Every structure is written in C-alpha cells, then in structure tokens.
Number of protein chains: 4
Amino acid sequence: MYFSSDNWAGAHPRIADALTRHSSGFAAAYATSDLDKRVEQKFSAIFERDVTVFFVATGTAANSLSLAAVNRPGGVAFCHREAHMFVDECGAPEMFTHGARLVPVDGAGGKLDPDHLKQEIARFPLDFIHGGRPMAVSVTQATEVGAVYSTDELNTISGICRDHGLPLHMDGARFANAVAHLGQSPAELTWKSGVDIMSFGATKNGCWCAEALVVFDPAKAADLTYIHKRSAHLFSKARFVSAQFETYFEDDLWLHMAGHANALAQQLQSGLAASDRARLAWPVQANEVFAILDRSRADALRQAGAQFHDWIAPHGMPEPPSGDEVLVRFVTSFALTSEDVDQFLDLLRAD
Amino acid sequence: MYFSSDNWAGAHPRIADALTRHSSGFAAAYATSDLDKRVEQKFSAIFERDVTVFFVATGTAANSLSLAAVNRPGGVAFCHREAHMFVDECGAPEMFTHGARLVPVDGAGGKLDPDHLKQEIARFPLDFIHGGRPMAVSVTQATEVGAVYSTDELNTISGICRDHGLPLHMDGARFANAVAHLGQSPAELTWKSGVDIMSFGATKNGCWCAEALVVFDPAKAADLTYIHKRSAHLFSKARFVSAQFETYFEDDLWLHMAGHANALAQQLQSGLAASDRARLAWPVQANEVFAILDRSRADALRQAGAQFHDWIAPHGMPEPPSGDEVLVRFVTSFALTSEDVDQFLDLLRAD
Amino acid sequence: MYFSSDNWAGAHPRIADALTRHSSGFAAAYATSDLDKRVEQKFSAIFERDVTVFFVATGTAANSLSLAAVNRPGGVAFCHREAHMFVDECGAPEMFTHGARLVPVDGAGGKLDPDHLKQEIARFPLDFIHGGRPMAVSVTQATEVGAVYSTDELNTISGICRDHGLPLHMDGARFANAVAHLGQSPAELTWKSGVDIMSFGATKNGCWCAEALVVFDPAKAADLTYIHKRSAHLFSKARFVSAQFETYFEDDLWLHMAGHANALAQQLQSGLAASDRARLAWPVQANEVFAILDRSRADALRQAGAQFHDWIAPHGMPEPPSGDEVLVRFVTSFALTSEDVDQFLDLLRAD
Amino acid sequence: MYFSSDNWAGAHPRIADALTRHSSGFAAAYATSDLDKRVEQKFSAIFERDVTVFFVATGTAANSLSLAAVNRPGGVAFCHREAHMFVDECGAPEMFTHGARLVPVDGAGGKLDPDHLKQEIARFPLDFIHGGRPMAVSVTQATEVGAVYSTDELNTISGICRDHGLPLHMDGARFANAVAHLGQSPAELTWKSGVDIMSFGATKNGCWCAEALVVFDPAKAADLTYIHKRSAHLFSKARFVSAQFETYFEDDLWLHMAGHANALAQQLQSGLAASDRARLAWPVQANEVFAILDRSRADALRQAGAQFHDWIAPHGMPEPPSGDEVLVRFVTSFALTSEDVDQFLDLLRAD
C-alpha cells in the first residue's frame with residue numbers, strides 16, 4: 001500500500017523492455033541519433049505542431065531551464081504558492097535564472113487565482129525599475145494538490161499573460177493525469193490554451209527517468225540548446241531517455257497508465273467519502289487524494305503497512321485539520337492496483 | 001566498426017537486466033532507498049574508506065559540481081588545455097561556480113606538466129587580489145588522449161596542490177580504464193594519491209547513465225547536498241542509477257569491461273604499428289587509439305563502414321599531421337569485439 | 001520644500017570641502033592609502049572593536065554583498081516585507097548570492113515580528129533539503145517607515161538568529177538617524193546586540209557617495225575581499241570615499257546631521273498632529289514622517305511647491321487610507337531647515 | 001615623482017569645484033535629474049549621435065556590464081591577453097555574465113592581432129555546441145601598454161566582428177589619451193569604426209569617480225537599465241558623477257588633461273631614449289612609458305623618491321629584460337608637471 005508518491009514506483013515493464021531492446025548496437029551521442037529524432041517527431045505529432053524537445057534529468061531541471069529560457073534581467077516569475085518550483089526545488093529556478101525572483105500567488109486547489117495574479121503582476125509597474133519586471137507565469141497541470149485546470153481556466157491565465165506580454169510556462173510533471181482526466185488533446189491543453197513552454201514529465205507516470213522541456217516557440221530553442229548543454233543536462237546516451245519516451249507514447253501507454261492512476265484515486269476517494277473515519281479535503285481530479293483524519297488513526301494505518309505523507313494545510317484551506325487531526329496525501333500510479341486500494345480501505349474500515 | 005566514441009555504445013546486458021529487475025516494487029525517492037544506501041556503501045568498499053556519493057546526469061555535471069563544491073570567491077581552477085571541462089562543457093563549470101575561471105595548463109599526453117602547472121599557479125600571487133585566487137587543480141584519468149597518470153605522477157601533482165592549499169579533483173570519466181590498465185586499487189589511484197573529490201563515470205563503460213561525484217573529504221558533503229539538489233541533478237527515482245552501479249561493481253564487471261576495451265585498443269595499436277598505412281600518434285594505455293593517416297585513406301575507410309572521429313592535433317604534439325595527413329581517434333568499449341578490430345585492420349590492409 | 005527623499009539632497013559643505021582638500025597629491029589606489037587605513041581605524045574606534053570595512057557604490061551593494069558573504073548553497077534569507085532589499089533592489093541580492101531566496105516577514109513599523117520570523121524560519125526544517133536552508137536574517141535600522149529598533153528588540157531578533165545558527169545583518173542606510181534617536185552607542189546598536197555584518201550608509205545623511213560594508217566577524221573578511229573586487233565595487237580612487245567618511249565622523253558631524261533631520265521630522269509630526277487636515281500614520285522616530293490626507297489636498301500641496309512621495313500602505317496597517325485618502329511620506333535631511341518645515345505647515349494650514 | 005598609476009592622482013581642481021558647486025540644493029535621484037539628462041545629452045553631442053549612458057562605480061563595472069549586455073548562453077568573449085578584463089578584474093566579467101568565458105588573444109602593443117583573433121574565433125564553430133559560442137570582441141583603447149589603435153586597425157577588427165555577427169566592445173579607461181593622441185573625433189574612434197558599446201573612463205584622467213557605459217545600439221539599453229540597477233551600480237545621488245562629467249567635457253578639459261599627460265609621456269620617452277641607463281621597451285603613444293633598466297638602478301631611483309611599478313614582460317615581447325634587468329612602467333597624468341619629469345630624468349642621469 002505505497003501511496004507515498006508516484007516517484008516511489010519503478011518503471012512500467014514495457015519501459016524496462018524498451019531499454020533492454022535498445023541496449024545493444026551503436027548510435028550517435030548527445031541526442032542526435034535516429035531514435036532521438038524519431039522521438040522528437042513523435043512529440044510534434046502528439047502536440048499537433050512542430051515542437052523542440054530537450055531531455056533533462058529531473059522535473060526541477062525542466063522547470064528551471066524553462067524559466068531561464070524566457071528570463072530577462074531583473075526578471076520576476078509568478079507561480080502558485082504551493083508550486084513545486086516554489087517549495088521543492090531548493091532554489092534551482094533562482095540559480096538557473098541567475099537570480100530571478102519567484103512571486104507566490106494564491107488560489108484554491110493549487111490553481112492561480114486570476115485576480116490575485118493580476119494584483120501581484122501590478123506590483124511591478126514597468127516604469128519602476130527598482131522592483132524588477134515580470135518575465136513569466138507558471139501553472140502546474142495537474143496541480144500539486146491533484147486539481148486540474150480546465151481549458152477555460154488556462155485561457156483566463158494566458159489572457160492575463162498576453163495582456164502583460166508574458167510567456168506562460170506549464171509544469172507538467174503530472175500532465176498525463178490532466179490529459180487523462182479531461183479527455184482533451186495535449187494541444188488543446190497547452191499551446192492552444194496559450195502555453196509557450198512546458199515541463200513534460202513522464203518519470204512519475206511509469207518511466208525511470210524521462211523528463212522533457214517542450215518548446216512551442218521555436219525562437220526560444222536556439223538559446224536553449226546552449227542553456228541545456230551548460231546546465232549539464234545533455235545526456236551523452238540520450239537515447240536511453242528517447243527509448244523510454246518512444247514506448248511511453250506507443251499505443252497510448254502514457255494515457256492508459258495515467259487513466260489507471262486516476263481511476264484508483266477515484267476509487268480511493270469514493271471509499272474515503274463513504275467512510276466516517278476520514279474526510280476528504282477536496283475533490284479529486286488527477287492521481288492525488290487528500291484527506292483529513294485523526295493523527296492516531298494515521299499512525300495506526302502506517303503501523304499496518306500503509307505508506308503516505310503528511311501534508312501542510314494550504315494557505316486559505318476552507319476546513320483545515322483541527323486539534324488532533326492531520327492532513328495526509330495519497331498518490332496513486334501505474335504500479336498500484338485496485339486491490340491495493342481495497343486493501344487500504346479495508347484497513348481503514350477495520351481500524 | 002563503431003570507433004566513434006564509447007558513448008555511442010548502449011548498455012551492457014547485465015546493466016539492462018538490473019534495470020528490469022528493479023523496475024517493479026516501491027522505494028523511497030531522492031536517493032534515500034535501501035538500494036541507494038547499499039550502493040553508497042559499495043563505493044566506500046571500493047575506495048576502502050567512507051565516501052559520500054552524489055549521482056548526476058552527466059560527467060559534465062560531476063565536474064562542474066565538484067568545482068562548485070571547492071570554489072571560493074575569485075576562484076581559479078587549473079586543468080589541462082585538452083580537458084573535457086575546458087573544451088567540451090560549454091561553460092558549465094563556469095556557470096555552476098558562478099564565474100570561476102579555468103586556466104589551461106599544457107603537458108604531453110593530456111597530463112598536466114608539473115612545471116607548467118606551478119608556473120600558472122604562480123601567476124596568481126595571494127597578495128594581488130585583482131587577478132583572482134587559485135581554488136582547485138583538476139586531472140583527467142585516463143586523459144582525453146588515452147594516457148594514464150601513474151601514482152607517482154599523481155603524487156607530484158597533489159604535492160603541488162598541497163603546497164598551495166588547493167584541493168585536487170579527478171575527472172574519472174574513464175577511471176575504469178585507468179584502473180584496469182595500472183592494476184592498482186581505486187584507493188591508490190585517488191585519495192591515497194591526494195585526490196580530494198572525483199567525477200566517477202560509468203556511462204562510457206557500459207552503463208546507460210551512471211555518473212557519480214565521489215567526495216573523499218566529508219566536510220565538503222554538507223554543502224554538496226544542496227549544490228546537488230539545486231543543480232537539478234537529484235533524481236527522484238535515483239535507484240535506476242543505483243541499480244546500474246550495483247551491477248557495475250558486481251563480479252568486477254566494471255573492470256572486465258574496461259579491461260576488454262583496453263585490450264581491444266592494444267590490439268588496434270599493434271595492428272596500426274604493423275601497418276605502413278598509418279602511424280601511431282602516441283602510445284596507447286587506455287581505450288583510445290590515435291593515429292595519423294592520409295585524409296584520402298581515412299575517407300575510404302569511412303566509406304567502407306568504419307566510424308571514427310577526426311581530432312585536432314594537441315598543442316605541442318611532436319610529429320603532427322602534415323600536408324594531406326589527418327589525426328584520427330578510435331575509441332573501444334565493452335560493446336566492440338576482437339572481430340570488429342580485426343575487420344577494421346583487414347580493411348586498412350586491403351585499402 | 002523637498003521632502004521627497006534624503007537622497008535628493010546633495011552633500012554637506014564640509015563633505016564637499018573634504019573632497020576639494022584631498023583632490024591634489026597622490027595616494028595608493030584601491031583602498032590601500034594612508035587615508036583609507038585611517039578611516040578604517042576610525043570605524044573601529046566608532047564601533048569600539050576591530051572591524052573590516054569595504055566601500056561600495058550603493059546601499060544595494062552593501063546589502064547584496066553582505067548576504068553574499070554569509071550565504072551558502074540553497075540559502076534563504078529573512079527580511080521585512082517592506083525592506084529595501086526586498087522591494088527596491090531589482091534582484092541584486094539574488095544576483096550577488098547567485099540565487100538565494102529572500103523570504104518576507106511581517107511586523108509593525110517595518111520591524112520583524114519575532115513570532116512571524118520564527119514561524120517562517122520553521123518552514124525550512126534542516127532535514128528537508130528540497131526547500132533550501134536559512135542563511136541569514138536582515139533588519140533595517142532605522143526601518144523603511146521611520147521606526148527604530150530598541151536594543152531589546154534587536155536582542156530578541158539576534159537571539160532567534162543564535163538559536164538557528166544564523167548571522168544577523170543590519171541594513172543601516174539610515175543608521176545615523178537611529179543612533180541619534182536612541183542616544184546609544186553604535187556598538188550597543190550593532191555587535192553588542194548581536195549584529196554580525198552591516199550596511200553602513202552615509203549617502204542619505206549628507207555625503208555624495210559613502211556606503212560601507214562593516215564586518216564585525218573578521219572570519220568573513222577574507223572572502224569579502226574577493227567578493228568585493230569581483231562585484232566591481234572596489235574604487236581605484238577609494239580615498240574620495242574615505243575623505244567623505246573622515247569628515248563625516250569628525251566632530252560628530254554625522255550625528256549632528258542625523259539629529260537635525262530627526263528634529264525636523266519631530267517638528268513636522270507635531271505640526272501634522274495639530275492639524276485636522278492630515279492624520280499621522282504612525283509615530284515618528286527617525287527622519288521619515290508618514291501621513292494620511294485627502295488626495296486633492298496632496299495635489300494642492302504639490303501644486304504649491306511641496307515635494308513628497310505617495311506610499312503604498314503597508315500590509316496590516318491599522319487605519320489605512322480609505323476612499324479619497326492617500327498615504328504620503330516626508331523625508332527630512334541635513335539639507336532642510338526648520339523654516340522649510342514651517343513653510344510646509346503654513347501651506348497645509350492655509351490650504 | 002609619482003609615476004605609479006594615473007589612479008594615484010586625485011581630482012582636477014575644476015572637478016572638485018564642480019562637486020562643491022552642486023552640493024547644495026535638491027535634485028531627483030537615480031540619474032533622473034536635469035543635470036543627469038544634460039550630461040547624457042552632452043555625451044550624445046560628443047559622439048555625434050544619440051547614445052545611452054549608464055554611470056558605474058568602476059571601469060571593471062563598465063567592462064563587465066557591457067559584456068553582460070551582449071552575452072548569450074554559452075557565450076565566449078575575445079580580448080587581449082593583457083587586457084584589464086582578463087588579468088585585473090578578479091572574475092567580474094565572468095560573474096556578471098554568469099559564467100561566460102574570456103579567451104585571450106595575442107598581439108603586439110596590447111592590440112588584438114587580427115589573424116590570431118580569427119584563429120581563436122574559429123575554434124568555436126557554430127555547429128559544435130559543446131565548446132560554447134562567440135558573443136563579443138573587446139579592444140582596449142589606449143591599450144594596457146600605452147599603444148593606440150588607428151581607425152584602420154579598429155576597422156579591421158570590427159570587420160572580423162561583422163563577419164561573425166559579434167558586437168565590438170571598447171574598454172576606454174584611457175580613451176581620452178587615445179583621442180588626444182590621434183586627434184580624431186570620438187565618433188570616428190568608436191561607432192564609425194564599428195564599436196557597439198564602450199566603457200568610457202574619466203577617473204584615470206582627472207575625475208574622482210566617473211565611469212560610464214556608453215551604448216551606441218539603443219536596442220541594448222532596455223535590458224541594461226535592469227542589468228545596471230541589479231548590479232548595484234545605480235547611484236542614488238548620480239548627479240555627483242554627472243557634475244564631474246559636465247566639467248570634464250567643458251572647454252575640452254578632458255582632452256587638455258589627456259594631451260598634457262601624453263606630452264609628459266613623450267617628454268619622458270625622449271629623456272629615456274637619450275639616456276644610456278635605460279632602454280625604451282616600445283614606442284609611446286598615450287600616457288604610459290615602459291622601459292627596461294637594471295634592477296639595481298630601479299631600486300636606486302625608488303630610493304631617491306621616484307614611484308613606478310614593475311611590469312611583467314608581455315608574451316612575445318621582442319627584447320625582454322634579461323639577467324638583472326627589469327621592465328618598469330611610468331604613467332603620467334594631469335597631476336604631474338613637466339618639472340616632475342625633468343626631476344626624474346635628472347635623477348636618472350645623476351644616478
């Protein structure tokens with residue numbers, strides 16, 4: 001019952017097979033092999049337009065290099081107060097942008113509140129150089145707390161970006177879960193909704209290590225070639241990432257895995273909703289379920305073998321944990337089964 | 001006949017198997033799993049002392065973060081003029097050190113000439129702050145041109161470092177080849193010879209992506225934990241690197257692969273020496289063979305299916321290519337066979 | 001009636017004279033002349049202990065280099081939400097620290113609220129590397145809104161720093177005004193209250209350009225020598241700054257100027273308090289007076305020749321401007337006279 | 001007999017007077033006052049086209065920010081091996097460019113040898129990203145060793161820049177001396193000869209602290225506004241620099257001072273040439289004289305009160321000092337007189 005994180009899982013057997021299959025033979029290094037090119041074309045097909053793709057080691061790298069690519073001196077980027085880049089990347093975005101600032105924006109469900117975003121952007125008027133100047137907005141899809149932006153919501157944000165001449169970045173560490181949830185195309189959820197550059201994550205969804213920076217604006221690609229290389233993220237045997245992505249996209253494996261994870265989250269949500277031993281923190285859309293329960297019950301569940309993390313109650317959460325209660329997070333993935341969820345729910349009921 | 005580079009190979013079948021074997025199940029993320037710890041202990045066993053290990057995506061990252069870890073404001077590092085960090089890393093060392101300078105040092109065979117090193121260090125007297133101050137020396141083992149430092153040679157360099165209070169870094173992208181060539185222990189070739197921090201590469205020697213920064217001075221490890229994370233090189237599923245290293249060290253697989261590659265290089269060297277159609281550029285010690293031949297012959301060999309790179313004649317090379325001649329490089333690896341070498345030599349003779 | 005800012009003034013005649021007096025003759029460059037050394041000794045006398053002093057071009061430089069000197073990888077510094085370094089330095093602290101983060105802390109009067117400070121530090125637990133780690137706390141004395149920390153208040157803050165092993169920085173752009181207000185010694189207000197490093201400003205208080213970084217912990221000085229030089233803030237003719245400081249400290253000129261400015265601020269405060277045409281925003285301690293008045297009245301005063309800036313109401317201000325009201329700031333300095341204040345107050349009454 | 005450096009002098013009396021004259025009154029801060037604007041217009045008049053001007057604290061800042069303004073990821077700049085930015089700025093250019101590399105180019109008299117420049121640029125072919133990519137060329141006018149580029153020579157260099165799409169920077173720390181020597185207009189010696197951005201120094205030529213970055217390409221100015229501010233080089237009382245420049249340009253004071261310094265250098269050159277106790281190292285064009293003499297004689301001259309620095313013999317110098325000889329440098333300035341030179345020459349003869 002490993003609900004700690006989707007990055008506690010390993011790799012889907014087909015992904016492992018792909019690596020084995022490609023392990024023999026020779027190919028040009030540094031992402032210039034035929035396989036590398038084929039996979040870049042596959043990304044273009046998936047997104048229904050020509051995109052440029054850079055593989056990197058981590059989602060943190062994808063986020064940081066995205067911001068570096070659109071940054072300008074004195075730059076300020078806006079992201080959600082709970083965004084991974086704001087709370088979990090140890091200053092990597094600041095380092096790769098050589099000292100840009102991240103300004104936290106509030107909003108329910110990990111989504112940028114449009115009014116608060118406008119308000120924060122307004123704090124940096126263009127004729128007051130002392131404060132710096134806006135350079136990007138970043139959204140996380142699906143968000144850190146398992147919610148999913150609709151295309152309407154994305155368009156509202158990208159409209160604000162357009163009004164201020166700001167590029168829009170999407171942290172898609174769990175993009176597959178958003179696509180699977182909404183049933184809309186990757187194109188609709190990104191550049192057709194105004195996204196200029198994205199972090200495309202596959203590691204959390206069944207790969208070993210497959211993170212890509214996808215650039216919809218080819219004008220940014222020239223500089224990124226160098227930003228990428230000098231960030232030490234250009235793999236020599238890049239095809240070990242390409243091989244993962246090739247299989248990831250094959251037969252929609254990525255959406256099957258994400259759909260499976262989402263379904264397990266729904267199953268878990270239903271079970272929790274039906275239980276009087278925990279209450280759901282907010283509705284589940286992707287593969288993360290947040291619940292509030294007594295600290296003693298959480299301890300007992302862990303004692304019995306369930307693994308999950310405590311979570312800090314987000315700023316402005318309507319009914320936060322009180323007294324002995326604790327907010328916890330359950331993450332599902334391709335590697336869990338419906339039986340795992342049932343087993344956990346049984347445990348909860350039995351408790 | 002792929003002699004282009006050892007990073008054109010894929011992964012040894014046992015490495016691929018290791019990934020498959022570990023692909024199921026769950027484990028703590030961010031290099032904190034049991035496997036990750038086991039592998040770190042294995043590194044300590046290999047080096048016969050406690051070491052701290054950080055996995056990174058590339059050798060460039062290992063080199064750059066090593067320098068970042070020992071850097072200080074105004075820092076200047078000394079490396080060979082042909083060192084990877086000087087010519088092939090697109091400014092990554094400069095970026096991760098926030099603008100330290102690399103000073104090139106000459107020397108035959110890609111090895112730092114001790115006198116030239118002393119001379120260059122002397123250009124930065126400590127009471128003249130305007131020029132900056134020395135902060136590290138870096139050696140490459142095996143060197144970029146296939147030579148291997150003896151422990152005597154390393155001790156000479158580390159003695160100079162000690163005289164100036166400078167840490168010694170080793171770029172060990174091909175460390176296995178050096179160990180296999182010398183038959184001395186990893187400990188003797190590193191900290192016992194005065195090395196403080198090293199880039200330990202396994203990617204060129206049969207892994208998909210397995211690069212580590214090995215720290216012999218634990219005092220540097222605390223800062224590196226953060227340098228590592230904020231460089232975006234802390235893999236969430238770090239165990240996919242650990243799994244490679246576990247197998248890499250098992251049954252001395254790493255030394256068998258390196259020994260095999262070295263033997264093929266010797267075989268190639270003998271064949272070239274016996275031929276009147278090429279001349280050896282310098283003696284072979286590791287897995288790289290450099291030869292001088294006519295441009296037309298090089299073209300013909302490539303036409304016939306042999307793959308190898310042209311190489312720029314190193315500064316101060318005794319008998320450089322002249323007229324129509326060209327210097328070329330052949331790299332061997334676990335993925336080539338004695339038959340591949342014979343096939344190439346036949347081609348050369350037949351030509 | 002120039003109340004816009006204390007940096008709208010020029011230089012005190014004695015400061016200008018000092019520059020003229022030193023303009024002939026020759027002296028060693030780069031802050032190594034006899035005058036430079038004499039002035040550094042004067043700083044040590046003023047602070048009653050050996051200090052190391054670095055001249056820089058701006059207060060922004062002093063703040064940024066201070067943070068750079070105490071920073072460590074993944075570093076996070078805590079300062080007031082209205083601190084100059086947070087809102088007015090265009091990312092300079094982030095740039096010179098190579099991407100450290102500034103975390104804003106709330107508190108009345110521009111002073112760090114100790115509880116909020118503790119709470120914010122607690123968000124960076126040392127075993128969670130992903131969030132970064134605390135590296136410094138910064139206080140502004142006098143604060144951006146004209147309040148002055150008492151030594152008790154400073155000791156509370158420095159106690160928190162000590163508990164967390166954090167150095168305490170003081171932004172003393174208006175330090176003279178704080179000293180003049182409290183009547184305590186510079187030593188008592190700095191290192192005796194736990195300050196480790198400070199930005200010592202004199203530009204706002206009668207100099208042309210005299211900003212210094214004062215280091216109480218000599219262990220930091222070695223690195224700062226290089227940080228200073230490579231930040232391009234080491235003046236060749238440093239004695240033009242030294243000459244200003246020499247005179248600044250002579251006959252307590254600095255405290256006379258600051259005392260004069262403070263007295264004018266008190267005079268202005270009294271006049272405003274007695275008026276029903278404006279209300280005081282908060283009590284005045286240093287040389288800044290904040291008042292709330294109708295926008296139309298503010299316009300009329302400006303029309304009549306008074307110069308002052310609008311100010312954004314601080315977060316959590318008790319009785320913020322409402323409706324047509326506006327918050328404005330008046331800054332006094334050596335260059336204004338009691339007559340200037342009277343003239344303004346007459347204008348207000350007449351209005 | 002202070003020949004140590006032109007930055008050992010103080011300020012011309014008229015410069016000191018200007019500061020005194022402007023010390024009273026009030027003016028808008030941060031380089032937005034009428035005086036600041038007037039001086040920027042004066043720069044435009046001097047250069048016969050609209051230029052944008054940024055004041056900075058040091059020549060190192062002007063050089064570093066210039067490179068930062070034209071840099072791009074992976075950037076490599078080319079400058080002379082003896083250029084100030086290469087040997088005397090402690091890594092400031094590298095820091096402000098966030099890790100660009102400076103590549104030293106050889107050439108007689110401190111001037112870039114065009115062939116060597118082309119050769120070094122060619123080492124960074126655009127399709128090989130691993131090595132980085134050229135981003136700027138920098139010339140020093142007058143050079144570090146007192147030579148002056150002719151417009152023909154500048155046009156040759158700027159032609160190479162144009163061929164490679166590279167901006168040309170001029171380090172004009174001693175630009176006045178070059179203008180005075182050549183008798184050509186500032187426009188002819190800069191943008192009309194292909195210079196895109198320059199460091200315009202006045203500190204060495206009679207000012208206290210007056211260094212400017214002059215931008216001929218207005219497209220670069222927008223970013224520089226922020227680069228400048230966040231480098232902490234935007235003076236609040238910028239008019240104390242403006243006041244110096246205003247007087248500097250008045251009645252051609254700058255050219256009179258530079259012409260005076262150049263004439264003294266010629267006088268010194270003649271005296272040395274006529275003497276058998278020293279030999280001239282190379283012909284004098286600006287305000288620096290280099291000579292070779294016996295170490296014992298140099299010691300004796302210093303004993304007798306003459307001040308001058310030893311100098312390291314430049315790479316490739318035709319007749320370098322041998323045996324007991326030493327190369328020394330004499331720098332003249334507005335603050336020395338013909339009598340000072342005579343006194344020194346008498347000393348030399350008497351010796």
# chains A, B, ... in the order shown; residues from 1 in each chain; ligands from 1
call {"tool": "interface_residues", "arguments": {"of": "chain A", "to": "chain B", "cutoff": "7 Å", "atoms": "only C-alpha atoms", "output": "number ranges by chain"}}
result
A: 2, 7-13, 16, 19-20, 22-29, 57-58, 60-61, 89-92, 208, 229-233, 235-237, 240
call {"tool": "residues_around", "arguments": {"residues": "Gln269 (chain A)", "least_positions_apart": "6", "cutoff": "9 Å", "atoms": "only C-alpha atoms", "output": "NGL selection string"}}
result
:A and (280 or 283-284 or 289-291)
call {"tool": "residues_around", "arguments": {"residues": "Gly259 (chain B)", "least_positions_apart": "6", "cutoff": "8 Å", "atoms": "only C-alpha atoms", "output": "list in words"}}
result
Asn177, Ala180 and His181 of chain B
call {"tool": "select_by_dssp", "arguments": {"residues": "region 128-314 of chain D", "states": "strand (DSSP E)", "output": "ChimeraX atom specification"}}
result
/D:133-140,168-172,197-201,211-215,279-280,288-294,309-310
call {"tool": "atom_distance", "arguments": {"atom1": "CA of Asp113 (chain B)", "atom2": "CA of Thr156 (chain B)"}}
result
9.8 Å
call {"tool": "residues_around", "arguments": {"residues": "region 337-350 of chain C", "least_positions_apart": "6", "cutoff": "7 Å", "atoms": "only C-alpha atoms", "output": "PyMOL selection string"}}
result
chain C and resi 1+264+268+271+306
call {"tool": "write_last_selection", "arguments": {"atoms": "N, CA, C and O atoms", "output": "compact mmCIF listing (two decimals), in the first residue's frame"}}
result
# COMPACT_ATOMS: atom_id res chain seq x y z
N MET C 1 10.79 73.12 -0.36
CA MET C 1 10.13 72.11 0.47
C MET C 1 10.31 70.71 -0.13
O MET C 1 9.37 70.07 -0.58
N LEU C 264 13.70 67.85 12.67
CA LEU C 264 12.77 68.38 11.68
C LEU C 264 11.57 67.45 11.51
O LEU C 264 10.43 67.90 11.33
N LEU C 268 7.75 68.37 12.11
CA LEU C 268 6.72 68.11 11.11
C LEU C 268 5.60 67.26 11.72
O LEU C 268 4.41 67.52 11.51
N GLY C 271 3.37 69.39 13.89
CA GLY C 271 2.51 70.22 13.07
C GLY C 271 1.37 69.42 12.47
O GLY C 271 0.22 69.88 12.44
N ALA C 306 5.35 71.84 -2.64
CA ALA C 306 5.86 70.82 -1.73
C ALA C 306 6.13 69.53 -2.49
O ALA C 306 5.34 69.14 -3.35
call {"tool": "closest_atom_pairs", "arguments": {"of": "region 209-274 of chain C", "to": "region 161-170 of chain C", "cutoff": "12 Å", "atoms": "only C-alpha atoms", "output": "Markdown table"}}
result
| residue | atom | partner | partner_atom | distance |
| --- | --- | --- | --- | --- |
| C:Ala212 | CA | C:Met170 | CA | 12.0 |
| C:Leu213 | CA | C:Met170 | CA | 10.0 |
| C:Val214 | CA | C:Met170 | CA | 9.8 |
| C:Val215 | CA | C:His169 | CA | 9.6 |
| C:Phe216 | CA | C:His169 | CA | 10.3 |
| C:Asp217 | CA | C:Pro167 | CA | 9.8 |
| C:Lys220 | CA | C:Pro167 | CA | 10.9 |
call {"tool": "write_last_selection", "arguments": {"atoms": "C-alpha atoms", "output": "compact mmCIF listing (two decimals), in the first residue's frame"}}
result
# COMPACT_ATOMS: atom_id res chain seq x y z
CA ALA C 212 30.34 50.86 3.58
CA LEU C 213 30.02 47.27 4.46
CA VAL C 214 31.17 46.84 8.06
CA VAL C 215 32.15 43.34 9.12
CA PHE C 216 32.23 42.50 12.81
CA ASP C 217 33.25 38.91 12.20
CA LYS C 220 34.14 36.73 6.81
call {"tool": "closest_residue", "arguments": {"among": "A:Glu288, A:Glu325, A:Asp252, A:Glu319", "to": "Val148 (chain A)", "atoms": "only C-alpha atoms"}}
result
A:Glu288
call {"tool": "atom_distance", "arguments": {"atom1": "CA of Gln307 (chain A)", "atom2": "CA of Phe245 (chain A)"}}
result
28.9 Å
